[in-house]
$ cat query_3.cif   # mmCIF, C-alpha atoms
data_my_file
#
loop_
_atom_site.label_atom_id
_atom_site.label_comp_id
_atom_site.auth_asym_id
_atom_site.auth_seq_id
_atom_site.Cartn_x
_atom_site.Cartn_y
_atom_site.Cartn_z
CA MET A 13 -7.50 11.47 6.08
CA ASN A 14 -9.82 10.25 3.32
CA ASN A 15 -11.39 13.71 2.96
CA PHE A 16 -7.86 15.07 2.56
CA TRP A 17 -7.20 12.80 -0.44
CA GLN A 18 -10.61 13.49 -1.97
CA ILE A 19 -10.24 17.26 -1.70
CA GLY A 20 -6.60 17.00 -2.77
CA PHE A 21 -7.48 15.13 -5.94
CA VAL A 22 -10.13 17.65 -6.99
CA VAL A 23 -7.66 20.48 -6.35
CA PHE A 24 -5.02 18.55 -8.32
CA ILE A 25 -7.29 18.13 -11.34
CA CYS A 26 -8.38 21.77 -11.26
CA ALA A 27 -4.77 22.91 -10.99
CA ILE A 28 -2.95 20.45 -13.26
CA TRP A 29 -5.33 20.67 -16.20
CA PRO A 30 -4.64 24.33 -17.12
CA VAL A 31 -1.02 24.08 -15.94
CA ALA A 32 -0.43 21.05 -18.16
CA ALA A 33 -1.89 22.87 -21.14
CA PHE A 34 0.36 25.88 -20.50
CA ALA A 35 3.46 23.76 -19.79
CA LYS A 36 2.90 21.84 -23.01
CA ASP A 37 3.45 25.04 -24.96
CA ASP A 38 6.63 25.59 -22.93
CA GLY A 39 7.97 22.09 -23.69
CA LEU A 40 7.89 20.69 -20.13
CA ILE A 41 4.70 18.67 -20.70
CA GLN A 42 4.85 16.63 -23.91
CA TRP A 43 1.25 15.42 -23.88
CA HIS A 44 -1.68 15.36 -21.45
CA SER A 45 -5.19 13.91 -21.24
CA THR A 46 -8.02 14.36 -18.72
CA ASN A 47 -11.33 12.50 -18.75
CA VAL A 48 -14.47 11.88 -16.72
CA GLN A 49 -16.04 8.42 -16.67
CA LEU A 50 -19.58 7.55 -15.55
CA LEU A 51 -20.07 3.85 -14.78
CA ARG A 52 -23.07 1.79 -13.71
CA GLY A 53 -23.12 -1.92 -12.92
CA SER A 54 -24.69 -4.61 -10.76
CA GLY A 55 -23.52 -7.86 -9.22
CA TYR A 56 -20.58 -6.51 -7.20
CA ALA A 57 -19.16 -8.98 -4.71
CA LEU A 58 -18.80 -6.70 -1.67
CA GLY A 59 -20.96 -3.84 -0.42
CA SER A 60 -23.84 -2.58 -2.52
CA SER A 61 -24.67 -4.97 -5.37
CA GLN A 62 -25.57 -2.10 -7.69
CA ARG A 63 -23.35 0.96 -8.03
CA GLU A 64 -22.86 4.21 -9.88
CA ILE A 65 -19.25 5.38 -10.06
CA ILE A 66 -17.71 8.65 -11.21
CA THR A 67 -14.04 8.42 -12.18
CA LEU A 68 -11.80 11.45 -12.70
CA GLN A 69 -8.57 10.58 -14.51
CA HIS A 70 -5.57 12.59 -15.63
CA ALA A 71 -2.34 11.51 -17.34
CA HIS A 72 0.60 13.36 -18.84
CA GLY A 73 4.07 12.77 -20.18
CA TRP A 74 6.82 15.20 -19.32
CA THR A 75 10.52 15.63 -20.10
CA LEU A 76 11.66 12.96 -17.60
CA GLY A 77 8.77 10.49 -17.48
CA ASP A 78 5.01 10.23 -17.07
CA ASN A 79 2.28 10.45 -14.43
CA MET A 80 -1.25 9.11 -14.12
CA VAL A 81 -3.75 9.77 -11.35
CA PHE A 82 -7.39 8.77 -10.90
CA TYR A 83 -10.10 9.02 -8.26
CA ASP A 84 -13.16 6.73 -8.10
CA ALA A 85 -16.14 8.29 -6.33
CA THR A 86 -18.71 5.58 -5.67
CA LEU A 87 -22.12 7.03 -4.80
CA SER A 88 -22.66 4.29 -2.21
CA GLY A 89 -19.20 4.80 -0.64
CA GLN A 90 -15.91 2.91 -1.15
CA ASP A 91 -14.00 5.81 -2.75
CA TYR A 92 -10.52 5.10 -4.05
CA PHE A 93 -7.48 7.13 -5.17
CA GLU A 94 -4.38 6.03 -7.09
CA TRP A 95 -1.24 7.81 -8.35
CA HIS A 96 1.32 6.32 -10.79
CA SER A 97 4.63 8.05 -11.47
CA ARG A 98 7.49 6.81 -13.69
CA LEU A 99 10.93 8.09 -14.69
CA SER A 100 12.07 7.21 -18.22
CA LEU A 101 15.58 5.95 -18.96
CA LYS A 102 15.16 7.06 -22.59
CA LYS A 103 14.20 10.59 -21.62
CA ILE A 104 16.88 10.94 -18.93
CA ARG A 105 19.62 9.66 -21.28
CA LYS A 106 18.11 11.50 -24.25
CA ALA A 107 18.90 8.42 -26.28
CA PRO A 108 16.77 5.56 -27.64
CA VAL A 109 16.30 2.38 -25.60
CA LYS A 110 15.64 -0.66 -27.76
CA ILE A 111 15.77 -4.19 -26.43
CA GLY A 112 13.79 -6.23 -28.93
CA PRO A 113 10.21 -4.87 -28.73
CA VAL A 114 11.01 -2.89 -25.56
CA LYS A 115 11.30 0.82 -26.40
CA ASP A 116 11.84 2.24 -22.90
CA ILE A 117 12.76 1.18 -19.35
CA LEU A 118 11.33 3.16 -16.45
CA LEU A 119 11.60 3.50 -12.68
CA ALA A 120 8.01 3.00 -11.53
CA SER A 121 6.08 3.84 -8.37
CA THR A 122 2.43 3.76 -7.33
CA LEU A 123 0.46 5.08 -4.37
CA GLU A 124 -2.89 3.39 -3.59
CA VAL A 125 -5.25 5.11 -1.15
CA PRO A 126 -8.41 3.14 -0.23
CA GLU A 127 -11.36 4.60 1.65
CA LYS A 128 -10.44 2.53 4.71
CA GLY A 129 -6.98 1.46 5.88
CA SER A 130 -3.50 2.77 5.21
CA ALA A 131 -2.07 3.85 1.86
CA ARG A 132 -0.17 1.14 -0.02
CA TYR A 133 3.23 1.79 -1.63
CA LEU A 134 4.64 0.12 -4.75
CA PHE A 135 8.14 0.56 -6.20
CA GLY A 136 9.72 -1.21 -9.14
CA VAL A 137 10.61 -1.12 -12.81
CA GLY A 138 8.47 -0.61 -15.89
CA ALA A 139 8.76 -1.16 -19.63
CA ASP A 140 7.03 0.37 -22.64
CA TRP A 141 6.59 -1.94 -25.62
CA THR A 142 6.25 -1.52 -29.36
CA ILE A 143 3.34 -3.73 -30.41
CA PRO A 144 1.83 -3.22 -33.87
CA GLY A 145 -1.67 -1.74 -33.76
CA PHE A 146 -1.44 -0.47 -30.17
CA LYS A 147 -1.22 3.20 -29.18
CA PHE A 148 0.68 2.01 -26.12
CA PHE A 149 1.38 -1.16 -24.16
CA ALA A 150 3.07 -0.84 -20.76
CA THR A 151 4.10 -3.25 -18.01
CA ASN A 152 5.24 -2.52 -14.47
CA PHE A 153 6.72 -4.93 -11.90
CA TYR A 154 6.70 -3.88 -8.26
CA LEU A 155 7.57 -4.63 -4.67
CA ARG A 156 4.28 -3.87 -2.88
CA ASP A 157 3.83 -2.96 0.79
CA ASN A 158 0.57 -2.63 2.70
CA PRO A 159 1.47 -1.22 6.15
CA ASP A 160 -1.64 -2.87 7.63
CA LEU A 161 -0.29 -6.35 6.79
CA ALA A 162 2.83 -8.21 7.80
CA GLY A 163 5.64 -8.45 5.24
CA HIS A 164 5.45 -7.38 1.62
CA THR A 165 4.76 -8.97 -1.76
CA TRP A 166 5.15 -8.63 -5.54
CA ALA A 167 2.73 -6.95 -7.92
CA THR A 168 2.53 -6.38 -11.65
CA THR A 169 0.40 -4.22 -13.94
CA PHE A 170 -0.31 -4.37 -17.68
CA ALA A 171 -2.01 -1.43 -19.44
CA TRP A 172 -2.86 -0.89 -23.09
CA LYS A 173 -4.74 1.25 -25.61
CA LYS A 174 -5.82 0.32 -29.14
CA THR A 175 -8.12 1.99 -31.65
CA PHE A 176 -9.83 0.36 -34.64
CA ALA A 177 -12.87 0.78 -36.86
CA VAL A 178 -15.69 -1.52 -37.94
CA ARG A 179 -17.56 -0.40 -41.08
CA GLY A 180 -16.48 3.17 -40.47
CA GLN A 181 -17.41 3.24 -36.78
CA PRO A 182 -14.32 3.95 -34.62
CA PHE A 183 -13.80 2.02 -31.39
CA LEU A 184 -11.44 2.26 -28.44
CA PHE A 185 -10.14 -0.86 -26.68
CA ASP A 186 -8.14 -0.15 -23.53
CA GLY A 187 -7.78 -1.38 -19.97
CA PHE A 188 -5.44 -2.95 -17.46
CA VAL A 189 -4.58 -6.13 -15.59
CA ASP A 190 -3.37 -6.01 -11.96
CA MET A 191 -1.92 -9.02 -10.13
CA ALA A 192 -0.32 -9.36 -6.70
CA GLY A 193 0.97 -12.11 -4.44
CA SER A 194 -0.23 -12.98 -0.95
CA GLU A 195 0.69 -10.61 1.87
CA GLY A 196 0.11 -11.16 5.57
CA THR A 197 -3.38 -12.63 6.00
CA ARG A 198 -4.47 -11.67 2.45
CA SER A 199 -4.37 -13.95 -0.57
CA GLY A 200 -2.95 -13.09 -3.96
CA TYR A 201 -5.41 -11.51 -6.39
CA GLN A 202 -5.93 -10.96 -10.12
CA LEU A 203 -7.98 -8.11 -11.58
CA ALA A 204 -8.62 -7.62 -15.30
CA ALA A 205 -10.63 -4.60 -16.50
CA PRO A 206 -10.80 -4.41 -20.32
CA THR A 207 -12.96 -1.68 -21.85
CA LEU A 208 -14.57 -1.58 -25.31
CA LEU A 209 -16.04 1.82 -26.25
CA ALA A 210 -17.62 3.21 -29.38
CA ASP A 211 -16.55 6.73 -30.35
CA ILE A 212 -20.06 8.23 -30.44
CA GLY A 213 -18.61 11.73 -30.54
CA THR A 214 -17.61 11.18 -34.15
CA HIS A 215 -21.31 11.50 -35.07
CA LEU A 216 -21.63 14.78 -33.15
CA GLY A 217 -18.60 16.60 -34.49
CA GLN A 218 -16.63 15.64 -31.35
CA ALA A 219 -14.39 12.77 -32.51
CA ASP A 220 -12.13 11.29 -29.80
CA LYS A 221 -14.09 13.16 -27.11
CA LEU A 222 -17.21 11.13 -26.23
CA PHE A 223 -17.29 7.33 -25.86
CA LEU A 224 -19.93 4.79 -24.82
CA GLY A 225 -19.53 1.07 -24.14
CA ILE A 226 -18.71 -1.63 -21.61
CA GLU A 227 -15.99 -2.11 -19.02
CA TYR A 228 -15.82 -5.70 -17.79
CA GLN A 229 -14.39 -6.33 -14.33
CA HIS A 230 -12.99 -9.83 -13.73
CA TRP A 231 -11.61 -10.08 -10.19
CA ASN A 232 -10.32 -13.18 -8.39
CA ASN A 233 -9.87 -12.87 -4.59
CA LYS A 234 -11.13 -9.28 -4.51
CA PHE A 235 -9.01 -7.14 -2.15
CA GLY A 236 -7.03 -10.30 -1.38
CA LEU A 237 -10.04 -12.00 0.24
CA LYS A 238 -9.86 -15.69 -0.65
CA ASP A 239 -12.67 -16.99 -2.88
CA VAL A 240 -14.36 -13.56 -3.09
CA ASP A 241 -14.66 -13.32 -6.87
CA GLU A 242 -16.37 -10.67 -8.96
CA ARG A 243 -17.61 -10.66 -12.56
CA VAL A 244 -19.27 -7.36 -13.48
CA ALA A 245 -20.09 -5.71 -16.80
CA GLN A 246 -20.29 -1.94 -16.28
CA LEU A 247 -21.88 0.51 -18.69
CA GLN A 248 -19.38 3.33 -19.24
CA LEU A 249 -19.78 6.84 -20.64
CA ARG A 250 -16.42 8.59 -21.05
CA TRP A 251 -15.93 12.28 -21.77
CA VAL A 252 -12.40 13.32 -22.75
CA LEU A 253 -11.84 16.92 -21.67
CA ASP A 254 -8.55 17.45 -23.51
#

$ encode --input "query_3.cif" --output "structure tokens"
Amino acid sequence: MNNFWQIGFVVFICAIWPVAAFAKDDGLIQWHSTNVQLLRGSGYALGSSQREIITLQHAHGWTLGDNMVFYDATLSGQDYFEWHSRLSLKKIRKAPVKIGPVKDILLASTLEVPEKGSARYLFGVGADWTIPGFKFFATNFYLRDNPDLAGHTWATTFAWKKTFAVRGQPFLFDGFVDMAGSEGTRSGYQLAAPTLLADIGTHLGQADKLFLGIEYQHWNNKFGLKDVDERVAQLQLRWVLD
């Protein structure tokens, strides 16, 4: 089953990248972005203390919503796959949605596929916000179900992207925060993963393409395991393909 998702993701990336570029010209895809991230860190709470991770990530907006998918390949094991899909009220109605700083309301869903155990399903509602200085700021609130545990729980996600410059050097500040309540025998958890990257490509004639910096992982009750906490600074090299 895990090999199926791993192979499926690689096929997805290989297929969706050129298709998204073609569909953008046709108006179906409004924007798209694909990147590869290389990460290295030490001090992880579970499994190998030191790890090298390759992340493949793709996102696009289309005429009815947006999608984001990523696959973490950890060289020591513990691969992970996640798919986010949202339908936009603004796009479906073809009319603006403005509730204070909220600029869109969305029907949100997520599929989480760990290396071990069953896939987890999340369904809920999302909101996109207008916040000065941010490229985007999004929140999603879910009902989360892990089939391997009794009952279900709540979950929420915050994601953002901001660019700025210091003395002419451009930087990228993005990341996410995931939180969930207790479910079955697992405790609630909180994961924050902010990333600060310097746009080193700007010095090589490749602005907005090559980034280097730090992703900090702050995890309380990792995987819902009580008192298993993780604080890891990971060196990240990110290559934006399109």

$ resolve_selection --input "query_3.cif" --expression "the PyMOL selection byres ((chain A and resi 99) around 8)" --output "PDB file with C-alpha atoms, in the coordinates of the input"
ATOM      1  CA  LEU A  76      11.660  12.960 -17.600  1.00  0.00           C
ATOM      2  CA  GLY A  77       8.770  10.490 -17.480  1.00  0.00           C
ATOM      3  CA  ASP A  78       5.010  10.230 -17.070  1.00  0.00           C
ATOM      4  CA  SER A  97       4.630   8.050 -11.470  1.00  0.00           C
ATOM      5  CA  ARG A  98       7.490   6.810 -13.690  1.00  0.00           C
ATOM      6  CA  SER A 100      12.070   7.210 -18.220  1.00  0.00           C
ATOM      7  CA  LEU A 101      15.580   5.950 -18.960  1.00  0.00           C
ATOM      8  CA  ILE A 104      16.880  10.940 -18.930  1.00  0.00           C
ATOM      9  CA  LEU A 118      11.330   3.160 -16.450  1.00  0.00           C
ATOM     10  CA  LEU A 119      11.600   3.500 -12.680  1.00  0.00           C
ATOM     11  CA  ALA A 120       8.010   3.000 -11.530  1.00  0.00           C
TER      12      ALA A 120
END

$ residues_around --input "query_3.cif" --residues "Met80 of chain A" --least-positions-apart "5" --cutoff "7 Å" --atoms "all atoms listed in the file" --output "VMD selection string"
chain A and resid 70 to 72 95 to 97

$ residues_around --input "query_3.cif" --residues "Gly225 of chain A" --least-positions-apart "6" --cutoff "9 Å" --atoms "only C-alpha atoms" --output "VMD selection string"
chain A and resid 207 to 211 246 to 250

$ resolve_selection --input "query_3.cif" --expression "the PyMOL selection byres ((chain A and resi 240) around 12)" --output "ChimeraX atom specification"
/A:56-58,198-203,230-239,241-243

$ write_last_selection --input "query_3.cif" --atoms "C-alpha atoms" --output "JSON list (two decimals), keeping the file's coordinate frame"
[["chain", "number", "residue", "atom", "x", "y", "z"],
["A", 56, "TYR", "CA", -20.58, -6.51, -7.20],
["A", 57, "ALA", "CA", -19.16, -8.98, -4.71],
["A", 58, "LEU", "CA", -18.80, -6.70, -1.67],
["A", 198, "ARG", "CA", -4.47, -11.67, 2.45],
["A", 199, "SER", "CA", -4.37, -13.95, -0.57],
["A", 200, "GLY", "CA", -2.95, -13.09, -3.96],
["A", 201, "TYR", "CA", -5.41, -11.51, -6.39],
["A", 202, "GLN", "CA", -5.93, -10.96, -10.12],
["A", 203, "LEU", "CA", -7.98, -8.11, -11.58],
["A", 230, "HIS", "CA", -12.99, -9.83, -13.73],
["A", 231, "TRP", "CA", -11.61, -10.08, -10.19],
["A", 232, "ASN", "CA", -10.32, -13.18, -8.39],
["A", 233, "ASN", "CA", -9.87, -12.87, -4.59],
["A", 234, "LYS", "CA", -11.13, -9.28, -4.51],
["A", 235, "PHE", "CA", -9.01, -7.14, -2.15],
["A", 236, "GLY", "CA", -7.03, -10.30, -1.38],
["A", 237, "LEU", "CA", -10.04, -12.00, 0.24],
["A", 238, "LYS", "CA", -9.86, -15.69, -0.65],
["A", 239, "ASP", "CA", -12.67, -16.99, -2.88],
["A", 241, "ASP", "CA", -14.66, -13.32, -6.87],
["A", 242, "GLU", "CA", -16.37, -10.67, -8.96],
["A", 243, "ARG", "CA", -17.61, -10.66, -12.56]]

$ residues_around --input "query_3.cif" --residues "Val125 of chain A" --least-positions-apart "5" --cutoff "9 Å" --atoms "only C-alpha atoms" --output "NGL selection string"
:A and (14 or 17 or 91-95 or 130-132)
